[in-house]
Amino acid sequence: MTRTKMYVPRETAAVSVGADDVALAIARLAKKTGVDIELIRNGSWGASWLEPLVEVEVDGVRITYGNVSATDIQSMFEAGFVTGGKHERRLGPINEIPYLINQDRWTFWRCGLINPLSIEDFELHQGFKALTKVIADGAEAVLDAVTDSGLRGRGGAGLPTGIKWRTVADTEADQKYIACNADEGDSGTFSDRILMEGDPFGLLESMAIAGFAVGASKGYIYLRSEYPLAHSILSRAIEAARNAGWLGNNIQGSGFAFDIELHLGAGSYVCGEETAMLESLEGKKGIDRYKLPLPAHAGLFGKPTVVNNVVTLASVPNIINLGGERYAGMGVNRSKGTLAFQLAGNIKRGGLVEKSFGITLRELIEDFGGGTASGRPVKAVQVGGPLSAYLPADQLDTPMDYEAFVEIDAMIGHGGIVVFDDTANMAQLVRRSRRKLRTNHG
Ligand SMILES: Cc1cc2nc3c(=O)[nH]c(=O)nc-3n(C[C@H](O)[C@H](O)[C@H](O)COP(=O)(O)O)c2cc1C
């Protein structure tokens with residue numbers, strides 16, 4: 001008899017609402033009742049409002065049960081959970097949940113789907129395919145594909161990634177670096193974390209691709225200290241990738257050398273700013289540098305450095321696999337491709353929604369988010385963290401487009417959307433934002 005595959009996320013939001021207890025209860029009851037299961041701790045699909053979201057694979061289809069608690073497991077087993085039986089927590093097949101199937105999953109498609117710490121599962125789902133291709137095709141092809149895609153930095157400023165990579169590639173130096181910004185400090189943001197916890201090898205592959213494209217042999221991940229689970233998952237993934245020859249001196253015998261070091265930040269918002277992050281990586285106090293020289297010319301330890309956000313980097317493998325034009329075909333105007341919007345604050349269905357640019361705030365908040373959790377009218381929405389703005393309800397029809405946001409004196413930033421209802425005290429909120437900016441130097 002084959003083992004029944006069950007999935008319980010090991011992801012910070014899911015764990016915070018009891019996923020570990022759920023996993024334990026399933027393992028115990030399966031053992032007690034003699035059911036042979038393979039319990040996989042996957043990442044999150046991003047539907048945080050349904051966590052813990054438990055799945056059981058029945059005839060190749062993954063059947064979901066939402067908001068499961070450890071105390072539900074007994075009755076779920078009695079209801080035939082092992083074969084996808086009916087229960088009040090049952091939501092149906094994963095590929096029929098509107099919140100998920102109405103997204104444009106380009107960067108996050110493996111999150112939830114795979115076992116994040118299984119290199120075999122990663123490879124079964126196109127893992128390292130893009131890296132293998134770029135090593136065969138050469139650096140120019142990568143630089144062209146990233147430029148053609150129109151990909152812009154997802155960390156905040158929205159700078160064209162292709163130009164940044166090309167600048168580092170064209171700068172002569174004996175040593176270059178890739179610095180992945182995983183400081184994720186904007187309010188209401190968690191997409192970097194979901195990616196790192198759900199698809200860590202995807203990030204490592206992306207950094208190696210960036211390294212190959214620009215001629216860098218060393219990468220750093222600057223991870224915020226508030227993400228201990230991501231730290232543990234990434235540490236294990238780096239070790240596994242090294243053991244499997246996907247990081248190190250001679251990747252898969254190609255002669256290409258690239259390795260990654262994981263560095264923990266110390267809880268400073270300002271250290272997310274790229275030059276302060278570089279200072280901190282060098283072991284100094286995290287204070288931002290003068291703008292020139294650019295990190296692309298003289299960054300980490302004075303060497304040419306690509307600084308990119310987690311999501312920017314993780315968007316690249318599919319750009320290699322599917323083509324830059326395909327990515328550029330999504331989105332609007334100069335905002336190409338997709339962004340992982342994060343719905344937070346006073347919202348009914350909070351979570352991650354990866355959609356092409358051009359969707360409006362209203363569509364995100366109402367169609368995906370289901371409106372406010374309180375059921376009261378939206379008063380304001382903070383998009384893009386404390387450096388951006390609070391938008392009033394009459395600006396909800398603004399399309400998600402970098403330039404459209406600049407026109408209304410706002411920023412898309414990292415795509416964090418924090419919703420407030422009509423009881424919110426705006427003066428107090430703004431005061432708190434300002435305080436965060438003033439006091440949070442490293
Ligand atoms: C105060 C401040 C905080 C920032 N925090 C972050 C952060 O947490 N994560 C991030 O990726 N970018 C952050 N940025 C933007 C970075 O300076 C930089 O633009 C980004 O890492 C570049 O990567 P990208 O081109 O892929 O977006 C911050 C910027 C400022 C001014």
# chains A, B, ... in the order shown; residues from 1 in each chain; ligands from 1

call {"tool": "closest_atom_pairs", "arguments": {"of": "region 89-191 of chain A", "to": "region 315-335 of chain A", "cutoff": "12 Å", "atoms": "only C-alpha atoms", "output": "Markdown table"}}
result
| residue | atom | partner | partner_atom | distance |
| --- | --- | --- | --- | --- |
| A:Asp104 | CA | A:Met330 | CA | 9.2 |
| A:Arg105 | CA | A:Ser315 | CA | 10.3 |
| A:Trp106 | CA | A:Asn318 | CA | 7.0 |
| A:Thr107 | CA | A:Ser315 | CA | 4.9 |
| A:Phe108 | CA | A:Ser315 | CA | 8.4 |
| A:Trp109 | CA | A:Asn318 | CA | 9.9 |
| A:Arg110 | CA | A:Asn318 | CA | 11.3 |
| A:His125 | CA | A:Asn318 | CA | 11.7 |
| A:Gln126 | CA | A:Asn321 | CA | 8.9 |
| A:Gly127 | CA | A:Pro317 | CA | 8.9 |
| A:Phe128 | CA | A:Pro317 | CA | 8.4 |
| A:Lys129 | CA | A:Asn321 | CA | 7.5 |
| A:Ala130 | CA | A:Pro317 | CA | 5.3 |
| A:Leu131 | CA | A:Pro317 | CA | 7.5 |
| A:Thr132 | CA | A:Ile320 | CA | 10.3 |
| A:Lys133 | CA | A:Ile320 | CA | 7.8 |
| A:Val134 | CA | A:Ile320 | CA | 7.7 |
| A:Ile135 | CA | A:Ile320 | CA | 11.4 |
| A:Asp137 | CA | A:Ile320 | CA | 10.4 |
| A:Gly138 | CA | A:Ile320 | CA | 11.8 |
| A:Ala139 | CA | A:Ile320 | CA | 11.5 |
| A:Ala141 | CA | A:Ile320 | CA | 8.9 |
| A:Val142 | CA | A:Ile320 | CA | 7.0 |
| A:Leu143 | CA | A:Ile320 | CA | 10.0 |
| A:Asp144 | CA | A:Gly324 | CA | 8.1 |
| A:Ala145 | CA | A:Gly324 | CA | 4.8 |
| A:Val146 | CA | A:Gly324 | CA | 6.1 |
| A:Thr147 | CA | A:Gly324 | CA | 7.5 |
| A:Asp148 | CA | A:Gly324 | CA | 5.1 |
| A:Ser149 | CA | A:Gly324 | CA | 3.9 |
| A:Gly150 | CA | A:Ala328 | CA | 5.8 |
| A:Leu151 | CA | A:Ala328 | CA | 7.8 |
| A:Arg152 | CA | A:Ser335 | CA | 7.7 |
| A:Gly153 | CA | A:Ser315 | CA | 10.2 |
| A:Arg154 | CA | A:Ser315 | CA | 9.7 |
| A:Gly158 | CA | A:Ser335 | CA | 8.9 |
| A:Leu159 | CA | A:Ser335 | CA | 10.7 |
| A:Pro160 | CA | A:Arg334 | CA | 9.9 |
| A:Thr161 | CA | A:Val316 | CA | 9.9 |
| A:Gly162 | CA | A:Val316 | CA | 10.6 |
| A:Trp165 | CA | A:Val316 | CA | 12.0 |

call {"tool": "residues_around", "arguments": {"residues": "region 12-16 of chain A", "least_positions_apart": "2", "cutoff": "9 Å", "atoms": "only C-alpha atoms", "output": "list of chain:residue names"}}
result
A:Val8, A:Pro9, A:Arg10, A:Gly18, A:Ala19, A:Asp20, A:Asp21, A:Ser44, A:Ser48, A:Leu50, A:Glu51, A:Pro52, A:Leu53, A:Arg193, A:Ile194, A:Glu197, A:Tyr227, A:Pro228, A:Leu229, A:Ala230

call {"tool": "atom_distance", "arguments": {"atom1": "CA of Gly416 (chain A)", "atom2": "CA of Glu184 (chain A)"}}
result
10.3 Å

call {"tool": "residues_near_ligand", "arguments": {"ligand": "ligand 1", "cutoff": "10 Å", "atoms": "only C-alpha atoms and all ligand atoms", "output": "tab-separated table (two decimals) with N, CA and C atoms, in the first residue's frame"}}
result
chain	number	residue	atom	x	y	z
A	151	LEU	N	11.96	43.76	-15.68
A	151	LEU	CA	11.90	43.56	-14.22
A	151	LEU	C	12.51	44.76	-13.49
A	152	ARG	N	11.78	45.25	-12.48
A	152	ARG	CA	12.26	46.35	-11.65
A	152	ARG	C	12.35	45.88	-10.20
A	153	GLY	N	13.20	46.54	-9.46
A	153	GLY	CA	13.45	46.11	-8.08
A	153	GLY	C	12.19	46.11	-7.24
A	154	ARG	N	11.97	45.01	-6.53
A	154	ARG	CA	10.77	44.88	-5.71
A	154	ARG	C	10.98	45.32	-4.27
A	155	GLY	N	12.21	45.81	-3.95
A	155	GLY	CA	12.50	46.21	-2.57
A	155	GLY	C	11.96	47.58	-2.23
A	156	GLY	N	11.65	48.39	-3.24
A	156	GLY	CA	11.13	49.71	-2.92
A	156	GLY	C	11.28	50.71	-4.04
A	157	ALA	N	12.49	50.88	-4.53
A	157	ALA	CA	12.74	51.98	-5.46
A	157	ALA	C	12.31	51.67	-6.89
A	158	GLY	N	12.16	50.41	-7.23
A	158	GLY	CA	11.68	50.04	-8.57
A	158	GLY	C	12.69	50.32	-9.67
A	159	LEU	N	13.98	50.22	-9.36
A	159	LEU	CA	15.01	50.46	-10.40
A	159	LEU	C	15.10	49.25	-11.33
A	160	PRO	N	15.41	49.51	-12.62
A	160	PRO	CA	15.48	48.39	-13.58
A	160	PRO	C	16.61	47.41	-13.22
A	161	THR	N	16.25	46.16	-13.04
A	161	THR	CA	17.23	45.16	-12.61
A	161	THR	C	18.27	44.89	-13.70
A	162	GLY	N	17.84	44.89	-14.94
A	162	GLY	CA	18.76	44.61	-16.05
A	162	GLY	C	19.90	45.62	-16.10
A	164	LYS	N	21.04	47.45	-13.60
A	164	LYS	CA	21.89	47.24	-12.41
A	164	LYS	C	22.86	46.08	-12.66
A	165	TRP	N	22.34	44.98	-13.17
A	165	TRP	CA	23.19	43.80	-13.40
A	165	TRP	C	24.25	44.11	-14.47
A	179	ALA	N	24.36	40.81	-3.07
A	179	ALA	CA	23.83	41.00	-1.72
A	179	ALA	C	22.31	40.97	-1.79
A	180	CYS	N	21.74	39.96	-1.19
A	180	CYS	CA	20.28	39.81	-1.23
A	180	CYS	C	19.69	40.50	0.00
A	181	ASN	N	18.83	41.46	-0.25
A	181	ASN	CA	18.22	42.23	0.82
A	181	ASN	C	16.97	41.51	1.33
A	182	ALA	N	17.10	40.88	2.49
A	182	ALA	CA	15.97	40.17	3.10
A	182	ALA	C	15.66	40.80	4.44
A	183	ASP	N	15.77	42.13	4.49
A	183	ASP	CA	15.53	42.82	5.76
A	183	ASP	C	14.03	43.07	5.99
A	184	GLU	N	13.29	43.10	4.92
A	184	GLU	CA	11.81	43.17	4.92
A	184	GLU	C	11.21	43.92	6.12
A	185	GLY	N	11.46	45.24	6.13
A	185	GLY	CA	11.03	46.01	7.29
A	185	GLY	C	9.75	46.82	7.11
A	186	ASP	N	9.23	46.93	5.89
A	186	ASP	CA	8.03	47.75	5.69
A	186	ASP	C	6.83	47.16	6.42
A	187	SER	N	5.95	48.04	6.90
A	187	SER	CA	4.77	47.55	7.60
A	187	SER	C	3.92	46.68	6.68
A	189	THR	N	4.45	43.76	5.43
A	189	THR	CA	5.08	42.99	4.36
A	189	THR	C	5.60	41.64	4.87
A	192	ASP	N	8.84	38.33	1.21
A	192	ASP	CA	10.20	37.76	1.23
A	192	ASP	C	10.20	36.51	2.11
A	222	TYR	N	21.14	39.11	3.60
A	222	TYR	CA	21.01	39.91	4.82
A	222	TYR	C	19.59	39.72	5.34
A	223	LEU	N	19.46	38.86	6.34
A	223	LEU	CA	18.13	38.45	6.82
A	223	LEU	C	17.79	39.14	8.13
A	224	ARG	N	16.60	39.65	8.23
A	224	ARG	CA	16.20	40.31	9.48
A	224	ARG	C	16.13	39.29	10.62
A	268	SER	N	17.08	46.61	12.77
A	268	SER	CA	17.03	48.03	12.46
A	268	SER	C	16.34	48.27	11.13
A	269	TYR	N	15.34	49.13	11.12
A	269	TYR	CA	14.61	49.41	9.86
A	269	TYR	C	15.55	50.02	8.82
A	270	VAL	N	16.43	50.91	9.28
A	270	VAL	CA	17.31	51.62	8.36
A	270	VAL	C	18.29	50.67	7.67
A	271	CYS	N	18.63	49.57	8.30
A	271	CYS	CA	19.55	48.61	7.68
A	271	CYS	C	18.95	47.95	6.44
A	272	GLY	N	17.67	48.17	6.17
A	272	GLY	CA	17.08	47.71	4.91
A	272	GLY	C	17.49	48.60	3.75
A	273	GLU	N	17.87	49.84	4.05
A	273	GLU	CA	18.38	50.73	3.00
A	273	GLU	C	19.72	50.14	2.55
A	274	GLU	N	19.91	50.07	1.24
A	274	GLU	CA	20.99	49.20	0.74
A	274	GLU	C	22.40	49.55	1.21
A	275	THR	N	22.70	50.85	1.32
A	275	THR	CA	24.08	51.18	1.73
A	275	THR	C	24.28	50.96	3.23
A	276	ALA	N	23.23	51.19	4.01
A	276	ALA	CA	23.30	50.89	5.46
A	276	ALA	C	23.45	49.38	5.63
A	277	MET	N	22.76	48.62	4.77
A	277	MET	CA	22.87	47.16	4.82
A	277	MET	C	24.30	46.71	4.52
A	288	ASP	N	23.43	54.80	6.57
A	288	ASP	CA	23.49	54.88	5.10
A	288	ASP	C	24.69	55.71	4.63
A	306	VAL	N	25.82	43.70	-6.65
A	306	VAL	CA	24.40	43.75	-6.99
A	306	VAL	C	23.64	43.67	-5.68
A	307	VAL	N	22.84	44.70	-5.38
A	307	VAL	CA	21.95	44.60	-4.23
A	307	VAL	C	20.54	44.44	-4.77
A	308	ASN	N	19.94	43.32	-4.45
A	308	ASN	CA	18.56	43.09	-4.88
A	308	ASN	C	17.73	42.51	-3.76
A	309	ASN	N	16.46	42.83	-3.83
A	309	ASN	CA	15.49	42.27	-2.91
A	309	ASN	C	15.26	40.77	-3.22
A	310	VAL	N	14.77	40.04	-2.24
A	310	VAL	CA	14.47	38.60	-2.39
A	310	VAL	C	13.55	38.35	-3.59
A	311	VAL	N	12.46	39.12	-3.66
A	311	VAL	CA	11.45	38.84	-4.69
A	311	VAL	C	11.98	39.21	-6.08
A	312	THR	N	12.78	40.27	-6.16
A	312	THR	CA	13.39	40.63	-7.44
A	312	THR	C	14.18	39.43	-7.96
A	313	LEU	N	15.07	38.93	-7.09
A	313	LEU	CA	15.94	37.82	-7.50
A	313	LEU	C	15.11	36.59	-7.85
A	314	ALA	N	14.13	36.28	-7.01
A	314	ALA	CA	13.36	35.04	-7.21
A	314	ALA	C	12.47	35.09	-8.45
A	385	GLY	N	4.68	50.94	2.87
A	385	GLY	CA	5.40	51.16	4.11
A	385	GLY	C	5.47	52.61	4.55
A	386	PRO	N	6.23	52.87	5.61
A	386	PRO	CA	6.25	54.20	6.23
A	386	PRO	C	6.87	55.30	5.37
A	387	LEU	N	7.61	54.92	4.31
A	387	LEU	CA	8.17	55.96	3.44
A	387	LEU	C	7.16	56.45	2.42
A	413	GLY	N	6.37	50.58	-3.30
A	413	GLY	CA	7.34	49.98	-2.39
A	413	GLY	C	7.42	48.48	-2.57
A	414	HIS	N	7.31	47.78	-1.47
A	414	HIS	CA	7.44	46.32	-1.47
A	414	HIS	C	6.08	45.64	-1.63
A	436	LYS	N	8.88	55.47	13.90
A	436	LYS	CA	9.62	54.30	13.40
A	436	LYS	C	10.82	54.76	12.57
A	437	LEU	N	10.58	55.76	11.73
A	437	LEU	CA	11.66	56.25	10.87
A	437	LEU	C	12.75	56.95	11.68
A	440	ASN	N	14.62	54.20	14.46
A	440	ASN	CA	15.06	52.86	14.13
A	440	ASN	C	16.36	52.81	13.33
A	441	HIS	N	17.33	53.58	13.74
A	441	HIS	CA	18.65	53.49	13.10
A	441	HIS	C	19.46	52.39	13.77

call {"tool": "residues_around", "arguments": {"residues": "Ile251 (chain A)", "least_positions_apart": "6", "cutoff": "10 Å", "atoms": "only C-alpha atoms", "output": "ChimeraX atom specification"}}
result
/A:131-132,135,208,241-242,244-245,257-259

call {"tool": "write_last_selection", "arguments": {"atoms": "C-alpha atoms", "output": "compact mmCIF listing (two decimals), in the first residue's frame"}}
result
# COMPACT_ATOMS: atom_id res chain seq x y z
CA LEU A 131 20.87 27.92 -13.62
CA THR A 132 21.85 24.99 -15.84
CA ILE A 135 25.70 28.26 -17.51
CA ALA A 208 23.75 31.93 -8.35
CA ALA A 241 22.79 22.88 -1.90
CA ARG A 242 26.50 22.74 -1.07
CA ALA A 244 24.59 18.47 -3.78
CA GLY A 245 27.17 20.56 -5.67
CA ALA A 257 32.18 29.06 -8.42
CA PHE A 258 29.52 30.62 -6.21
CA ASP A 259 28.79 30.36 -2.52

call {"tool": "atom_distance", "arguments": {"atom1": "CA of Glu172 (chain A)", "atom2": "CA of Leu247 (chain A)"}}
result
23.6 Å

call {"tool": "select_by_dssp", "arguments": {"residues": "region 120-334 of chain A", "states": "strand (DSSP E or B)", "output": "number ranges by chain"}}
result
A: 152, 160, 177-182, 218-223, 248, 258-264, 305-309, 331-332

call {"tool": "atom_distance", "arguments": {"atom1": "CA of Arg166 (chain A)", "atom2": "CA of Met207 (chain A)"}}
result
15.1 Å

call {"tool": "select_by_dssp", "arguments": {"residues": "region 98-307 of chain A", "states": "alpha helix (DSSP H)", "output": "ChimeraX atom specification"}}
result
/A:98-101,119-124,129-137,139-149,161-170,191-198,200-214,228-243,274-281

call {"tool": "closest_residue", "arguments": {"among": "A:Thr4, A:Ser118, A:Ser225, A:Ser217", "to": "Pro304 (chain A)", "atoms": "only C-alpha atoms"}}
result
A:Ser217

call {"tool": "closest_residue", "arguments": {"among": "A:Ala47, A:Val214, A:Val82, A:Met426", "to": "His297 (chain A)", "atoms": "only C-alpha atoms"}}
result
A:Val214

call {"tool": "closest_residue", "arguments": {"among": "A:Lys32, A:Arg349, A:His263, A:Arg434", "to": "Thr372 (chain A)", "atoms": "only C-alpha atoms"}}
result
A:Arg349

call {"tool": "residues_around", "arguments": {"residues": "region 354-371 of chain A", "least_positions_apart": "4", "cutoff": "6 Å", "atoms": "only C-alpha atoms", "output": "list in words"}}
result
Gln103, Asp104, Arg105, Met330, Gly331, Val332, Gly337, Thr338, Leu339, Ala340, Phe341, Ile347, Lys348, Arg349, Leu396, Asp397, Thr398, Pro399, Met400 and Asp401 of chain A

call {"tool": "closest_residue", "arguments": {"among": "A:Val419, A:Val383, A:Leu294, A:Val430", "to": "Tyr402 (chain A)", "atoms": "only C-alpha atoms"}}
result
A:Val383
